[in-house]
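A.B. asks: Just passing along the structure, written as structure tokens.
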Amino acid sequence: MEDFCIDNLSIEKILRKYKLGSLKSVEKITTGLINPIYLVNEEIIIRIGSKMDDNPDKFKREAYLFTLLPKFGIPTPKLFGLDESEKIIKASYILMDYIPGQNLQQSFGLLDKKSQKNISYELGSLIKRIHSITPDKIDTTGLFGNIETWISKSIKDFEIFWQVVKTKNYFSNNINESIIHTFEKFKKILWHNHGRLIHGDFSAGNIQIRDTKIVGIFDFEFSFIADPLWDLQKFPISFQLGDNFNKVSFLQGYGLTAFSEEKKIRLKMHCFHQGIWEIWATITQKMPFNEKEMNEGIHLVHSAMNDNLLEESV
């Protein structure tokens with residue numbers, strides 16, 4: 001996470017700008033990997049834009065979606081404001097309300113079996129509602145791109161990552177051949193009409209629950225019109241929720257009873273892409289990753305190879 005500190009005077013100016021009262025308390029939240037996050041007065045979130053990434057419109061997309069998504073039954077924070085002027089602080093920031101609850105990644109293991117199964121189903125239903133949003137339901141400003149542009153970038157990025165990772169002998173020859181074989185099939189897929197809105201970072205750390213119900217989803221900075229199966233890339237490693245995550249219930253919530261041959265290729269390729277990116281980013285230190293992310297990347301590739309639910313009907 002970028003080292004950024006915001007002083008109390010600046011926070012007070014922001015609160016006055018949006019008529020949100022006076023400053024009573026401020027706490028820096030440690031969950032943000034790239035964008036520093038502050039909880040103000042225990043009810044307001046300030047996310048600070050990092051200048052370390054190449055995603056300049058991330059807060060514009062997020063602000064737009066905080067207005068759009070509730071219309072589709074998707075619980076998001078309420079938007080208070082977006083400021084990219086850099087007049088109060090030398091960075092852009094987005095201001096939203098805090099949704100009380102617990103981070104799903106931290107709290108899932110504390111739930112009873114029935115609640116874990118229900119949450120697994122609810123996660124599938126939640127991401128399916130996001131994927132129901134077609135390009136014609138989104139504004140035409142170009143903020144969210146199109147499926148063809150997204151796929152082209154995905155292919156180019158993977159080729160860059162793979163050129164580095166394939167020389168490091170992290171995987172057996174059989175796995176390397178499977179990655180290449182899957183990639184060649186992926187490049188031949190016809191993408192017309194596949195494009196849907198994606199979350200872009202659909203993981204347990206971006207989900208808030210309360211009373212065993214999902215009450216919030218946030219961090220939409222990587223939302224684009226893309227292949228919806230991208231959001232399922234961590235499906236083989238159970239969305240980092242452990243063995244009690246119920247994959248069958250998740251897919252029932254998602255409305256997917258079987259993987260077609262094309263869906264198997266798409267999902268497996270996205271899993272390979274994410275895993276190899278984590279390895280590449282650790283090797284090159286393009287992200288502040290360490291052994292933890294390296295091992296997750298390796299684990300994700302192996303899991304995509306071995307997950308029976310990618311090969312069988314559910």
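Each chain of the structure tokens is named A, B, ... in the order shown, its residues numbered from 1; ligands are numbered from 1 in display order.
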Sort by chain and increasing residue number a table of all residues of region 130-163 of chain A within 8 Å of region 177-195 of chain A, each with its closest pair of atoms and their distance in Å to one decimal, counting only C-alpha atoms, and write it as CSV.
C.D. replies:
```
residue,atom,partner,partner_atom,distance
A:Thr134,CA,A:Gly195,CA,7.0
A:Pro135,CA,A:Gly195,CA,7.2
A:Asn146,CA,A:Gly195,CA,7.0
A:Ile147,CA,A:Gly195,CA,5.0
A:Glu148,CA,A:Trp191,CA,7.0
A:Ile155,CA,A:Lys187,CA,7.5
```
A.B. asks: Produce a table with one row for each residue of region 10-111 of chain A that has an atom at most 8 Å from any atom of region 234-250 of chain A, each row naming the nearest atom pair and its distance in Å at one decimal; use only C-alpha atoms; arrange rows by chain and rising residue number; format as a tab-separated table.
C.D. replies:
```
residue	atom	partner	partner_atom	distance
A:Gln105	CA	A:Leu241	CA	6.1
A:Phe108	CA	A:Leu241	CA	6.6
A:Gly109	CA	A:Leu241	CA	7.3
```
A.B. asks: Go ahead and write the residues just picked, C-alpha atoms, as a PDB file, in the first residue's frame.
C.D. replies:
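Output saved as again_4.pdb:
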```pdb
ATOM      1  CA  GLN A 105     -12.606 -12.878   4.661  1.00  0.00           C
ATOM      2  CA  PHE A 108     -16.413 -16.464   7.390  1.00  0.00           C
ATOM      3  CA  GLY A 109     -14.603 -19.086   9.446  1.00  0.00           C
TER       4      GLY A 109
END
```
A.B. asks: Taking into account only C-alpha atoms, which residue in the set A:Gly253, A:Lys58, A:Asn290, A:Ser107 is nearest to Arg210 (chain A)?
C.D. replies: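 Between A:Gly253, A:Lys58, A:Asn290, A:Ser107, the residue approaching Arg210 (chain A) most closely is A:Ser107.
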A.B. asks: Considering only alpha helix (DSSP H) as DSSP defines it on the backbone, what residues of region 271-301 of chain A qualify? List them as a ChimeraX atom specification.
C.D. replies: /A:271-284,291-301
A.B. asks: Using only C-alpha atoms, what table do you get, as a tab-separated table, when you list each residue of region 109-221 of chain A with an atom no more than 9 Å from region 297-304 of chain A, its nearest pair of atoms, and their distance in Å rounded to one decimal, rows by chain then rising number?
C.D. replies:
```
residue	atom	partner	partner_atom	distance
A:Tyr170	CA	A:Ile298	CA	7.5
A:Phe171	CA	A:Ile298	CA	8.1
A:Ile175	CA	A:His302	CA	8.1
A:Ile179	CA	A:Val301	CA	8.9
```
A.B. asks: Could you save the residues just selected, with N, CA and C atoms, as a short mmCIF file (atom, residue, chain, number, x, y, z; two decimals), in the first residue's frame?
C.D. replies:
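Contents of the output file again_4.cif:
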```
data_model
loop_
_atom_site.label_atom_id
_atom_site.label_comp_id
_atom_site.auth_asym_id
_atom_site.auth_seq_id
_atom_site.Cartn_x
_atom_site.Cartn_y
_atom_site.Cartn_z
N TYR A 170 8.55 -22.95 -11.95
CA TYR A 170 7.61 -23.10 -10.84
C TYR A 170 6.66 -24.28 -11.06
N PHE A 171 6.48 -24.66 -12.33
CA PHE A 171 5.50 -25.69 -12.66
C PHE A 171 6.14 -26.80 -13.48
N ILE A 175 2.02 -28.99 -16.64
CA ILE A 175 1.25 -27.78 -16.31
C ILE A 175 1.59 -26.67 -17.31
N ILE A 179 -1.11 -24.76 -19.66
CA ILE A 179 -1.28 -23.30 -19.69
C ILE A 179 -1.22 -22.79 -21.13
#
```
A.B. asks: A:Lys78, A:His199, A:Lys114, A:Lys19: which is nearest Ile127 (chain A), counting only C-alpha atoms?
C.D. replies: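 Selected residue with least distance to Ile127 (chain A): A:His199.
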A.B. asks: Enter the distance from CA of Ala63 (chain A) to CA of Gly81 (chain A), in Å, rounded to one decimal.
C.D. replies: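 Rounded to one decimal, the two atoms are 7.9 Å apart.
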A.B. asks: I want to know what sits within 7 Å of Phe66 (chain A), based on only C-alpha atoms, with residues of the same chain fewer than 3 positions away left out; could you give that as a PyMOL selection string?
C.D. replies: chain A and resi 62-63+69+76-79
A.B. asks: Grab the residues selected above and save them as a PDB file, in the first residue's frame with C-alpha atoms.
C.D. replies:
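Contents of part_25.pdb, as written:
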```pdb
ATOM      1  CA  GLU A  62     -16.687   3.617  -8.778  1.00  0.00           C
ATOM      2  CA  ALA A  63     -18.693   6.818  -8.167  1.00  0.00           C
ATOM      3  CA  LEU A  69     -25.834  -0.694  -8.714  1.00  0.00           C
ATOM      4  CA  THR A  76     -22.982  -0.517  -2.159  1.00  0.00           C
ATOM      5  CA  PRO A  77     -21.909   2.409  -0.018  1.00  0.00           C
ATOM      6  CA  LYS A  78     -23.678   5.737  -0.449  1.00  0.00           C
ATOM      7  CA  LEU A  79     -21.559   8.206  -2.411  1.00  0.00           C
TER       8      LEU A  79
END
```
A.B. asks: Looking at only C-alpha atoms, which of A:Asp83, A:Asp97, A:Asp211, A:Asp112 is the one that sits closest to Leu39 (chain A)?
C.D. replies: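 Among the listed residues, the smallest separation from Leu39 (chain A) belongs to A:Asp97.
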A.B. asks: Name all residues at most 10 Å from Leu267 (chain A) (count only C-alpha atoms; drop same-chain ones fewer than 2 positions away) and give them as an NGL selection string.
C.D. replies: :A and (186 or 227-236 or 259 or 262-265 or 269-273 or 304 or 310)
A.B. asks: With a distance cut-off of 10 Å and only C-alpha atoms, select the neighbouring residues of Glu291 (chain A), excluding the residue or stretch itself and same-chain residues fewer than 4 positions from it, and output the selection as a ChimeraX atom specification.
C.D. replies: /A:279,282-283,295-297
A.B. asks: Compare A:Leu123, A:Val165, A:Ile14, A:Ala226 by their minimum atom-to-atom distance to Ile94 (chain A), counting only C-alpha atoms, and give me the closest one.
C.D. replies: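 Ranking A:Leu123, A:Val165, A:Ile14, A:Ala226 by distance to Ile94 (chain A), first place goes to A:Ile14.
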A.B. asks: DSSP on the backbone, strand (DSSP E or B) only: what residues of region 128-280 of chain A does that give? Format it as a VMD selection string.
C.D. replies: chain A and resid 196 to 197 207 to 210 213 to 217 225 to 226
A.B. asks: Determine the nearest neighbour of Glu42 (chain A) from the options A:Ile217, A:Leu15, A:Val164, A:Ile99, counting only C-alpha atoms.
C.D. replies: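 Looking only at the distances to Glu42 (chain A), the closest residue turns out to be A:Ile99.
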A.B. asks: Hey, can you check how far CA of Thr149 (chain A) sits from CA of Ile130 (chain A)?
C.D. replies: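 Those two atoms sit 19.8 Å apart.
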A.B. asks: Using only C-alpha atoms, which of A:Ile214, A:Ile133, A:Val40, A:Ile151 sits nearest Ser120 (chain A)?
C.D. replies: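 For Ser120 (chain A), the nearest of the given residues is A:Ile214.
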A.B. asks: May I ask for the distance between CA of Ser92 (chain A) and CA of Ser50 (chain A), given in Å to one decimal place?
C.D. replies: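 Answer for the CA of Ser92 (chain A) to CA of Ser50 (chain A) separation: 8.1 Å.
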